[in-house]
Amino acid sequence: MPHLITGGARSGKSRHAEDLARRHGGPVCYLATAEVRDAEFARRVALHRAQRPAHWRVADAGRGLAAIIAAHDAPGGLLLIDCLGMWLMRFFGEAGFDAAEYESERDALLAALDGASGEVLLVSNEVGWGVVAGDAETRRFVDELGRLNQLAASHCGRVTLVACGLPLVLKEAAA
């Protein structure tokens, strides 16, 4: 069953997911969800790449995350998806939030999680613990990511919250 790993910014959630992936005995495929939009973020992505083992396969998820999961899922393999917040951001643009395409892709993602034959680690941000955002688009993003995290958690056998680099298991399905 999939494993959702969530936490705030710089909480250690990605590092925890990568540590779990390093201990996995089979092949690992890192599904990158971020769209690089500026030089500072490009440097962050380059640092993340340099820290990952060279033998891990990497695939850019784009908006079609479910299709990428299906293409790279394999028995005995592990997919590390980092992260749902960055994936959700791909549906926000100058024209606003593309709700129809997002809802279709979200439903496909949940079905792909349910049907995965290998292990899936899903990283996401916990964004609802701060102040209410001052603009409508940011509030919409926070609302959508909160709902997405809840849906993803309902499709995962394990859910871990990471705070201060410390993982706390919130949900563990019976074996």
# chains A, B, ... in the order shown; residues from 1 in each chain; ligands from 1
call {"tool": "residues_around", "arguments": {"residues": "range 56-66 of chain A", "least_positions_apart": "3", "cutoff": "7 Å", "atoms": "only C-alpha atoms", "output": "number ranges by chain"}}
result
A: 28-33, 53, 69-70, 87, 90, 105, 108-109, 112
call {"tool": "write_last_selection", "arguments": {"atoms": "C-alpha atoms", "output": "PDB file, in the first residue's frame"}}
result
ATOM      1  CA  VAL A  28      13.794   3.071  -7.246  1.00  0.00           C
ATOM      2  CA  CYS A  29      12.212   5.609  -9.567  1.00  0.00           C
ATOM      3  CA  TYR A  30      11.954   9.219  -8.415  1.00  0.00           C
ATOM      4  CA  LEU A  31       8.909  10.962  -9.897  1.00  0.00           C
ATOM      5  CA  ALA A  32       9.622  14.680  -9.883  1.00  0.00           C
ATOM      6  CA  THR A  33       6.525  16.866  -9.837  1.00  0.00           C
ATOM      7  CA  PRO A  53      21.779   8.058  -5.631  1.00  0.00           C
ATOM      8  CA  ILE A  69       2.958   6.049 -12.067  1.00  0.00           C
ATOM      9  CA  ALA A  70       1.504   3.428 -14.417  1.00  0.00           C
ATOM     10  CA  TRP A  87       2.172  18.755  -8.626  1.00  0.00           C
ATOM     11  CA  ARG A  90       0.981  22.836 -12.132  1.00  0.00           C
ATOM     12  CA  GLU A 105      -6.039  13.960 -12.912  1.00  0.00           C
ATOM     13  CA  ALA A 108      -6.735   9.153 -11.890  1.00  0.00           C
ATOM     14  CA  LEU A 109      -3.915   9.588  -9.357  1.00  0.00           C
ATOM     15  CA  ALA A 112      -3.210   4.667  -9.736  1.00  0.00           C
TER      16      ALA A 112
END
call {"tool": "closest_residue", "arguments": {"among": "A:Ala133, A:Cys83, A:Leu4, A:Leu168", "to": "Val120 in chain A", "atoms": "only C-alpha atoms"}}
result
A:Leu4
call {"tool": "atom_distance", "arguments": {"atom1": "CA of Cys156 in chain A", "atom2": "CA of Val131 in chain A"}}
result
28.1 Å
call {"tool": "residues_around", "arguments": {"residues": "Ser11 in chain A", "least_positions_apart": "6", "cutoff": "8 Å", "atoms": "only C-alpha atoms", "output": "mmCIF file with all heavy atoms, in the first residue's frame"}}
result
data_model
loop_
_atom_site.group_PDB
_atom_site.id
_atom_site.type_symbol
_atom_site.label_atom_id
_atom_site.label_comp_id
_atom_site.auth_asym_id
_atom_site.auth_seq_id
_atom_site.Cartn_x
_atom_site.Cartn_y
_atom_site.Cartn_z
ATOM 1 N N VAL A 162 6.164 14.352 9.481
ATOM 2 C CA VAL A 162 7.538 14.644 9.875
ATOM 3 C C VAL A 162 7.595 16.078 10.380
ATOM 4 O O VAL A 162 7.155 17.011 9.704
ATOM 5 C CB VAL A 162 8.522 14.444 8.696
ATOM 6 C CG1 VAL A 162 9.957 14.766 9.129
ATOM 7 C CG2 VAL A 162 8.437 13.020 8.164
ATOM 8 N N ALA A 163 8.114 16.229 11.593
ATOM 9 C CA ALA A 163 8.309 17.555 12.191
ATOM 10 C C ALA A 163 9.688 17.570 12.826
ATOM 11 O O ALA A 163 10.078 16.604 13.511
ATOM 12 C CB ALA A 163 7.230 17.843 13.242
ATOM 13 N N CYS A 164 10.453 18.608 12.583
ATOM 14 C CA CYS A 164 11.810 18.730 13.140
ATOM 15 C C CYS A 164 12.671 17.522 12.795
ATOM 16 O O CYS A 164 13.519 17.110 13.581
ATOM 17 C CB CYS A 164 11.755 18.932 14.650
ATOM 18 S SG CYS A 164 10.806 20.364 15.170
ATOM 19 N N GLY A 165 12.429 16.931 11.617
ATOM 20 C CA GLY A 165 13.195 15.772 11.185
ATOM 21 C C GLY A 165 12.774 14.469 11.836
ATOM 22 O O GLY A 165 13.397 13.439 11.594
#
call {"tool": "closest_residue", "arguments": {"among": "A:Ala50, A:Ile81, A:Leu166, A:Phe97", "to": "Arg139 in chain A", "atoms": "only C-alpha atoms"}}
result
A:Phe97
call {"tool": "select_by_dssp", "arguments": {"residues": "range 22-156 of chain A", "states": "helix (DSSP H, G or I)", "output": "PyMOL selection string"}}
result
chain A and resi 22+39-51+65-72+84-89+99-115+136-154
call {"tool": "residues_around", "arguments": {"residues": "Leu122 in chain A", "least_positions_apart": "5", "cutoff": "10 Å", "atoms": "only C-alpha atoms", "output": "mmCIF file with all heavy atoms, in the first residue's frame"}}
result
data_model
loop_
_atom_site.group_PDB
_atom_site.id
_atom_site.type_symbol
_atom_site.label_atom_id
_atom_site.label_comp_id
_atom_site.auth_asym_id
_atom_site.auth_seq_id
_atom_site.Cartn_x
_atom_site.Cartn_y
_atom_site.Cartn_z
ATOM 1 N N PRO A 2 0.384 2.305 -0.598
ATOM 2 C CA PRO A 2 1.158 3.554 -0.611
ATOM 3 C C PRO A 2 1.376 4.124 0.790
ATOM 4 O O PRO A 2 0.619 3.829 1.717
ATOM 5 C CB PRO A 2 0.286 4.493 -1.452
ATOM 6 C CG PRO A 2 -0.575 3.586 -2.266
ATOM 7 C CD PRO A 2 -0.816 2.393 -1.409
ATOM 8 N N HIS A 3 2.392 4.956 0.905
ATOM 9 C CA HIS A 3 2.786 5.594 2.160
ATOM 10 C C HIS A 3 2.866 7.097 1.914
ATOM 11 O O HIS A 3 3.680 7.548 1.115
ATOM 12 C CB HIS A 3 4.143 5.032 2.592
ATOM 13 C CG HIS A 3 4.700 5.596 3.848
ATOM 14 N ND1 HIS A 3 5.875 5.136 4.380
ATOM 15 C CD2 HIS A 3 4.278 6.575 4.693
ATOM 16 C CE1 HIS A 3 6.159 5.798 5.490
ATOM 17 N NE2 HIS A 3 5.198 6.687 5.692
ATOM 18 N N LEU A 4 2.010 7.869 2.590
ATOM 19 C CA LEU A 4 2.023 9.330 2.506
ATOM 20 C C LEU A 4 2.921 9.868 3.603
ATOM 21 O O LEU A 4 2.766 9.507 4.777
ATOM 22 C CB LEU A 4 0.607 9.895 2.656
ATOM 23 C CG LEU A 4 0.482 11.422 2.704
ATOM 24 C CD1 LEU A 4 0.928 12.057 1.393
ATOM 25 C CD2 LEU A 4 -0.947 11.825 3.053
ATOM 26 N N ILE A 5 3.860 10.742 3.211
ATOM 27 C CA ILE A 5 4.779 11.386 4.151
ATOM 28 C C ILE A 5 4.559 12.887 4.022
ATOM 29 O O ILE A 5 4.783 13.463 2.959
ATOM 30 C CB ILE A 5 6.241 11.009 3.838
ATOM 31 C CG1 ILE A 5 6.408 9.484 3.933
ATOM 32 C CG2 ILE A 5 7.194 11.734 4.779
ATOM 33 C CD1 ILE A 5 7.686 8.970 3.322
ATOM 34 N N THR A 6 4.085 13.488 5.096
ATOM 35 C CA THR A 6 3.728 14.898 5.051
ATOM 36 C C THR A 6 4.435 15.671 6.157
ATOM 37 O O THR A 6 4.935 15.084 7.119
ATOM 38 C CB THR A 6 2.192 15.068 5.138
ATOM 39 O OG1 THR A 6 1.839 16.449 4.933
ATOM 40 C CG2 THR A 6 1.637 14.606 6.467
ATOM 41 N N LYS A 13 10.693 15.913 5.569
ATOM 42 C CA LYS A 13 9.838 14.892 4.945
ATOM 43 C C LYS A 13 10.489 14.278 3.713
ATOM 44 O O LYS A 13 10.455 13.060 3.546
ATOM 45 C CB LYS A 13 8.453 15.453 4.629
ATOM 46 C CG LYS A 13 8.443 16.600 3.643
ATOM 47 C CD LYS A 13 7.079 17.276 3.597
ATOM 48 C CE LYS A 13 7.130 18.500 2.716
ATOM 49 N NZ LYS A 13 8.046 19.546 3.184
ATOM 50 N N SER A 14 11.084 15.076 2.853
ATOM 51 C CA SER A 14 11.747 14.526 1.659
ATOM 52 C C SER A 14 12.948 13.679 2.055
ATOM 53 O O SER A 14 13.174 12.602 1.495
ATOM 54 C CB SER A 14 12.176 15.641 0.714
ATOM 55 O OG SER A 14 11.049 16.271 0.148
ATOM 56 N N ALA A 17 11.669 10.360 3.266
ATOM 57 C CA ALA A 17 11.240 9.519 2.133
ATOM 58 C C ALA A 17 12.449 8.963 1.396
ATOM 59 O O ALA A 17 12.478 7.782 1.021
ATOM 60 C CB ALA A 17 10.353 10.322 1.188
ATOM 61 N N LEU A 31 9.828 10.230 -9.034
ATOM 62 C CA LEU A 31 8.909 10.962 -9.897
ATOM 63 C C LEU A 31 8.878 12.414 -9.438
ATOM 64 O O LEU A 31 8.319 12.741 -8.389
ATOM 65 C CB LEU A 31 7.509 10.342 -9.854
ATOM 66 C CG LEU A 31 7.431 8.859 -10.226
ATOM 67 C CD1 LEU A 31 5.985 8.379 -10.229
ATOM 68 C CD2 LEU A 31 8.083 8.588 -11.565
ATOM 69 N N LEU A 79 8.379 3.674 -6.111
ATOM 70 C CA LEU A 79 8.198 4.997 -6.701
ATOM 71 C C LEU A 79 8.216 6.017 -5.578
ATOM 72 O O LEU A 79 7.467 5.883 -4.611
ATOM 73 C CB LEU A 79 6.865 5.088 -7.446
ATOM 74 C CG LEU A 79 6.625 4.091 -8.572
ATOM 75 C CD1 LEU A 79 5.228 4.274 -9.143
ATOM 76 C CD2 LEU A 79 7.671 4.260 -9.656
ATOM 77 N N LEU A 80 9.068 7.017 -5.696
ATOM 78 C CA LEU A 80 9.108 8.110 -4.730
ATOM 79 C C LEU A 80 8.576 9.347 -5.441
ATOM 80 O O LEU A 80 9.205 9.842 -6.379
ATOM 81 C CB LEU A 80 10.533 8.340 -4.220
ATOM 82 C CG LEU A 80 10.692 9.196 -2.971
ATOM 83 C CD1 LEU A 80 12.105 9.069 -2.421
ATOM 84 C CD2 LEU A 80 10.331 10.633 -3.156
ATOM 85 N N ILE A 81 7.416 9.819 -5.028
ATOM 86 C CA ILE A 81 6.762 10.966 -5.656
ATOM 87 C C ILE A 81 6.967 12.172 -4.755
ATOM 88 O O ILE A 81 6.476 12.211 -3.633
ATOM 89 C CB ILE A 81 5.259 10.691 -5.868
ATOM 90 C CG1 ILE A 81 5.070 9.430 -6.720
ATOM 91 C CG2 ILE A 81 4.580 11.904 -6.489
ATOM 92 C CD1 ILE A 81 3.662 8.874 -6.693
ATOM 93 N N ASP A 82 7.679 13.173 -5.255
ATOM 94 C CA ASP A 82 8.001 14.355 -4.457
ATOM 95 C C ASP A 82 7.759 15.606 -5.292
ATOM 96 O O ASP A 82 8.508 15.880 -6.212
ATOM 97 C CB ASP A 82 9.457 14.266 -3.994
ATOM 98 C CG ASP A 82 9.797 15.207 -2.851
ATOM 99 O OD1 ASP A 82 8.923 15.985 -2.429
ATOM 100 O OD2 ASP A 82 10.941 15.171 -2.387
ATOM 101 N N CYS A 83 6.753 16.380 -5.002
ATOM 102 C CA CYS A 83 5.753 16.226 -3.973
ATOM 103 C C CYS A 83 4.373 16.630 -4.512
ATOM 104 O O CYS A 83 4.280 17.247 -5.559
ATOM 105 C CB CYS A 83 6.111 17.043 -2.747
ATOM 106 S SG CYS A 83 5.728 18.807 -2.823
ATOM 107 N N LEU A 84 3.333 16.287 -3.770
ATOM 108 C CA LEU A 84 1.968 16.589 -4.212
ATOM 109 C C LEU A 84 1.700 18.088 -4.317
ATOM 110 O O LEU A 84 0.966 18.527 -5.193
ATOM 111 C CB LEU A 84 0.946 15.949 -3.261
ATOM 112 C CG LEU A 84 0.790 14.454 -3.349
ATOM 113 C CD1 LEU A 84 -0.267 13.967 -2.360
ATOM 114 C CD2 LEU A 84 0.448 14.013 -4.759
ATOM 115 N N LEU A 113 -2.797 4.983 -7.357
ATOM 116 C CA LEU A 113 -2.280 4.577 -6.051
ATOM 117 C C LEU A 113 -2.898 3.257 -5.615
ATOM 118 O O LEU A 113 -2.204 2.365 -5.125
ATOM 119 C CB LEU A 113 -2.550 5.654 -4.995
ATOM 120 C CG LEU A 113 -1.812 6.976 -5.148
ATOM 121 C CD1 LEU A 113 -2.272 7.968 -4.096
ATOM 122 C CD2 LEU A 113 -0.305 6.780 -5.103
ATOM 123 N N ASN A 149 -4.454 16.055 0.344
ATOM 124 C CA ASN A 149 -3.761 15.285 1.380
ATOM 125 C C ASN A 149 -4.728 14.338 2.095
ATOM 126 O O ASN A 149 -4.379 13.190 2.376
ATOM 127 C CB ASN A 149 -3.092 16.214 2.391
ATOM 128 C CG ASN A 149 -1.840 16.869 1.855
ATOM 129 O OD1 ASN A 149 -1.298 16.471 0.836
ATOM 130 N ND2 ASN A 149 -1.375 17.899 2.550
ATOM 131 N N ALA A 152 -5.503 11.512 -0.362
ATOM 132 C CA ALA A 152 -4.333 10.632 -0.497
ATOM 133 C C ALA A 152 -4.179 9.768 0.753
ATOM 134 O O ALA A 152 -3.942 8.558 0.652
ATOM 135 C CB ALA A 152 -3.072 11.452 -0.750
ATOM 136 N N ALA A 153 -4.337 10.364 1.924
ATOM 137 C CA ALA A 153 -4.211 9.606 3.172
ATOM 138 C C ALA A 153 -5.232 8.478 3.242
ATOM 139 O O ALA A 153 -4.930 7.390 3.749
ATOM 140 C CB ALA A 153 -4.365 10.534 4.376
ATOM 141 N N CYS A 156 -3.873 5.505 1.392
ATOM 142 C CA CYS A 156 -2.561 5.022 1.815
ATOM 143 C C CYS A 156 -2.693 4.142 3.051
ATOM 144 O O CYS A 156 -3.477 4.442 3.951
ATOM 145 C CB CYS A 156 -1.634 6.204 2.135
ATOM 146 S SG CYS A 156 -1.121 7.115 0.664
ATOM 147 N N VAL A 159 0.596 6.596 6.909
ATOM 148 C CA VAL A 159 0.730 8.047 6.821
ATOM 149 C C VAL A 159 1.678 8.485 7.933
ATOM 150 O O VAL A 159 1.493 8.109 9.100
ATOM 151 C CB VAL A 159 -0.633 8.770 6.973
ATOM 152 C CG1 VAL A 159 -0.447 10.286 6.943
ATOM 153 C CG2 VAL A 159 -1.604 8.319 5.888
#
